[in-house]
Every structure is written in structure tokens, then in C-alpha cells.
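File shown: start_2.pdb (PDB, C-alpha atoms and all ligand atoms).
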```pdb
ATOM      1  CA  MET A 382       0.000   0.000   0.000  1.00  0.00           C
ATOM      2  CA  PRO A 383       1.373   3.384  -0.921  1.00  0.00           C
ATOM      3  CA  ASP A 384       0.905   5.201   2.345  1.00  0.00           C
ATOM      4  CA  ASP A 385       4.090   7.237   2.204  1.00  0.00           C
ATOM      5  CA  VAL A 386       2.165  10.487   2.083  1.00  0.00           C
ATOM      6  CA  PRO A 387       4.089  13.188   3.929  1.00  0.00           C
ATOM      7  CA  ALA A 388       2.645  13.935   7.335  1.00  0.00           C
ATOM      8  CA  VAL A 389       3.129  17.658   6.992  1.00  0.00           C
ATOM      9  CA  ALA A 390       0.101  19.303   5.485  1.00  0.00           C
ATOM     10  CA  PRO A 391       0.691  21.945   2.803  1.00  0.00           C
ATOM     11  CA  PRO A 392      -0.985  24.733   4.830  1.00  0.00           C
ATOM     12  CA  LEU A 393       1.621  24.255   7.554  1.00  0.00           C
ATOM     13  CA  LEU A 394       4.429  24.503   5.021  1.00  0.00           C
ATOM     14  CA  ASP A 395       2.819  27.652   3.702  1.00  0.00           C
ATOM     15  CA  SER A 396       2.799  29.251   7.108  1.00  0.00           C
ATOM     16  CA  ILE A 397       6.398  28.247   7.734  1.00  0.00           C
ATOM     17  CA  GLU A 398       7.433  29.741   4.438  1.00  0.00           C
ATOM     18  CA  ALA A 399       5.520  32.907   5.264  1.00  0.00           C
ATOM     19  CA  ASP A 400       7.378  33.073   8.564  1.00  0.00           C
ATOM     20  CA  LEU A 401      10.694  32.703   6.803  1.00  0.00           C
ATOM     21  CA  LEU A 402       9.809  35.494   4.414  1.00  0.00           C
ATOM     22  CA  ALA A 403       8.766  37.683   7.341  1.00  0.00           C
ATOM     23  CA  VAL A 404      12.099  37.048   9.045  1.00  0.00           C
ATOM     24  CA  ASP A 405      13.901  37.893   5.832  1.00  0.00           C
ATOM     25  CA  ARG A 406      11.989  41.142   5.470  1.00  0.00           C
ATOM     26  CA  THR A 407      12.586  42.016   9.104  1.00  0.00           C
ATOM     27  CA  LEU A 408      16.326  41.472   8.795  1.00  0.00           C
ATOM     28  CA  ARG A 409      16.380  43.637   5.703  1.00  0.00           C
ATOM     29  CA  ARG A 410      14.450  46.361   7.491  1.00  0.00           C
ATOM     30  CA  LEU A 411      16.895  46.201  10.392  1.00  0.00           C
ATOM     31  CA  ASP A 412      19.638  46.749   7.836  1.00  0.00           C
ATOM     32  CA  GLU A 413      17.854  49.685   6.275  1.00  0.00           C
ATOM     33  CA  GLY A 414      16.972  51.228   9.609  1.00  0.00           C
ATOM     34  CA  SER A 415      13.252  51.060   9.007  1.00  0.00           C
ATOM     35  CA  TYR A 416      12.624  48.368  11.569  1.00  0.00           C
ATOM     36  CA  GLY A 417       9.903  49.218  14.046  1.00  0.00           C
ATOM     37  CA  ARG A 418       7.880  51.258  11.570  1.00  0.00           C
ATOM     38  CA  CYS A 419       4.676  50.408   9.796  1.00  0.00           C
ATOM     39  CA  VAL A 420       5.501  49.472   6.205  1.00  0.00           C
ATOM     40  CA  VAL A 421       2.316  51.175   5.052  1.00  0.00           C
ATOM     41  CA  CYS A 422       2.164  54.502   6.889  1.00  0.00           C
ATOM     42  CA  ASP A 423       5.640  54.657   8.482  1.00  0.00           C
ATOM     43  CA  ALA A 424       4.222  55.080  11.962  1.00  0.00           C
ATOM     44  CA  SER A 425       6.384  53.938  14.845  1.00  0.00           C
ATOM     45  CA  LEU A 426       5.286  50.640  16.287  1.00  0.00           C
ATOM     46  CA  PRO A 427       4.952  50.420  20.073  1.00  0.00           C
ATOM     47  CA  ALA A 428       7.982  48.821  21.710  1.00  0.00           C
ATOM     48  CA  GLN A 429       5.696  46.458  23.564  1.00  0.00           C
ATOM     49  CA  VAL A 430       4.264  45.188  20.304  1.00  0.00           C
ATOM     50  CA  LEU A 431       7.742  44.578  18.927  1.00  0.00           C
ATOM     51  CA  ALA A 432       8.776  42.849  22.126  1.00  0.00           C
ATOM     52  CA  GLU A 433       5.894  40.434  21.849  1.00  0.00           C
ATOM     53  CA  ALA A 434       5.991  40.025  18.082  1.00  0.00           C
ATOM     54  CA  PRO A 435       9.343  41.113  16.656  1.00  0.00           C
ATOM     55  CA  LEU A 436       8.209  40.395  13.118  1.00  0.00           C
ATOM     56  CA  THR A 437       5.420  42.941  13.277  1.00  0.00           C
ATOM     57  CA  GLU A 438       5.647  45.181  10.261  1.00  0.00           C
ATOM     58  CA  ARG A 439       2.353  47.023  10.334  1.00  0.00           C
ATOM     59  CA  CYS A 440       0.621  49.289  12.808  1.00  0.00           C
ATOM     60  CA  ASP A 441      -2.775  48.463  14.276  1.00  0.00           C
ATOM     61  CA  ARG A 442      -4.607  50.196  11.505  1.00  0.00           C
ATOM     62  CA  HIS A 443      -2.774  48.362   8.759  1.00  0.00           C
ATOM     63  CA  THR A 444      -2.560  44.941  10.311  1.00  0.00           C
ATOM     64  CA  PRO A 445      -4.705  42.655   8.202  1.00  0.00           C
ATOM     65  CA  ASP A 446      -7.143  40.960  10.494  1.00  0.00           C
ATOM     66  CA  ALA A 447      -8.637  37.546   9.942  1.00  0.00           C
ATOM     67  CA  ASN A 448     -10.702  38.967   7.123  1.00  0.00           C
ATOM     68  CA  GLY A 449      -9.470  40.395   3.880  1.00  0.00           C
ATOM     69  CA  PRO A 450      -6.177  40.135   2.034  1.00  0.00           C
ATOM     70  CA  PRO A 451      -3.159  42.110   3.189  1.00  0.00           C
ATOM     71  CA  PRO A 452      -2.810  45.570   1.687  1.00  0.00           C
ATOM     72  CA  ALA A 453      -0.947  45.406  -1.584  1.00  0.00           C
ATOM     73  CA  GLY A 454       1.356  48.300  -0.921  1.00  0.00           C
ATOM     74  CA  GLN A 455       4.537  46.307  -0.683  1.00  0.00           C
ATOM     75  CA  THR A 456       5.322  44.050  -3.586  1.00  0.00           C
ATOM     76  CA  ALA A 457       7.377  41.077  -2.579  1.00  0.00           C
ATOM     77  CA  SER A 458      10.890  41.570  -3.834  1.00  0.00           C
ATOM     78  CA  ALA A 459      12.537  38.754  -1.960  1.00  0.00           C
ATOM     79  CA  SER A 460      14.072  37.085  -4.949  1.00  0.00           C
ATOM     80  CA  ASP A 461      17.696  37.272  -3.932  1.00  0.00           C
ATOM     81  CA  GLY A 462      19.269  34.544  -1.884  1.00  0.00           C
ATOM     82  CA  VAL A 463      16.147  32.901  -0.646  1.00  0.00           C
ATOM     83  CA  GLU A 464      15.398  29.796  -2.623  1.00  0.00           C
ATOM     84  CA  SER A 465      11.820  28.742  -2.193  1.00  0.00           C
ATOM     85  CA  ILE A 466      11.335  25.169  -1.212  1.00  0.00           C
ATOM     86  CA  SER A 467       9.918  23.205  -4.064  1.00  0.00           C
ATOM     87  CA  PRO A 468       6.457  21.890  -3.300  1.00  0.00           C
ATOM     88  CA  ALA A 469       6.023  18.213  -2.536  1.00  0.00           C
ATOM     89  CA  SER A 470       9.731  17.570  -2.494  1.00  0.00           C
ATOM     90  CA  THR A 471       9.667  14.590  -0.190  1.00  0.00           C
ATOM     91  CA  SER A 472      10.445  11.929  -2.731  1.00  0.00           C
ATOM     92  CA  TRP A 473      13.955  10.879  -1.742  1.00  0.00           C
ATOM     93  CA  SER A 474      13.767   7.187  -2.353  1.00  0.00           C
TER      94      SER A 474
HETATM   95 ZN    ZN A 501       0.206  51.876   9.403  1.00  0.00          ZN
END
```

Translate this structure into C-alpha cells?
Ligand SMILES: [Zn+2]
Amino acid sequence: MPDDVPAVAPPLLDSIEADLLAVDRTLRRLDEGSYGRCVVCDASLPAQVLAEAPLTERCDRHTPDANGPPPAGQTASASDGVESISPASTSWS
């Protein structure tokens, strides 16, 4: 029986990849000196928010809640260095 289906569900991989991208963006923003500011309106983020969630990149007003897509102000330009993991790559036999 072919029951070698990977135990990790794709949605989990998606969220991990999103986390990695967020870390990458955060490191870049640290480099640029824009860390701690909302990427949409440039408002300073509260230190307490950053302490609890260091990857925060939007202020309260621009944080996408459970509903609606994130604002499309920032186009993803993370194409240098970060190789995206190829989907369904668990076939090392
Ligand atoms: Zn904002």
C-alpha cells in the first residue's frame, strides 16, 4: 500500500514559508533602519508590540485581520538569496 504520504500538510508549510519570508523582510528592514515602523504609513510601532511580536511590520490600523487580504502596498521583492522550497519535495527514495 502506498501510504508514504508526507505527514506535513501543505498549509503548515505555507505558514512556515511565510514566517521565513517575514524574518527575511525584518532582517532587511533592520539593515535599512526602518525596523519598528509600519511598512504602510511609516508610523512607529509600540515597543511592547515589537517585544511580543518582533516580526510585526504594520501598525494596528494596517494589520490585516482575519478577514481580507493584506494591503498590496509592498510588492514582494525577496528574490535574492532565498530559494523557495519546491512543493512536494519529499520523494527521496
Ligand atoms: Zn500603518

Inset, instruction - Would you kindly return, as number ranges by chain, each protein, DNA or RNA residue with an atom no farther than 12 Å from any atom of Arg418 of chain A, considering all atoms listed in the file and excluding same-chain residues fewer than 3 positions away? - result: A: 407, 410-411, 413-415, 421-428, 430-431, 435-441, 443

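Put simply, atom CA of Arg442 of chain A is 9.4 Å away from atom CA of Cys419 of chain A.
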
Inset, instruction - Rounded to one decimal place, report the atom CA of Leu408 of chain A-atom CA of Glu433 of chain A distance in Å. - result: 16.7 Å

Legend entry - Atomic separation - atom CA of Val420 of chain A relative to atom ZN of ligand ZN 501 (chain A), Å: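 Rounded to one decimal, the two atoms are 6.6 Å apart.
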
Legend entry - Pick from A:Pro445, A:Leu401, A:Leu394, A:Arg406 nearest to ligand ZN 501 (chain A), counting only C-alpha atoms and all ligand atoms: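 That would be A:Pro445, the residue with the smallest distance to ligand ZN 501 (chain A).
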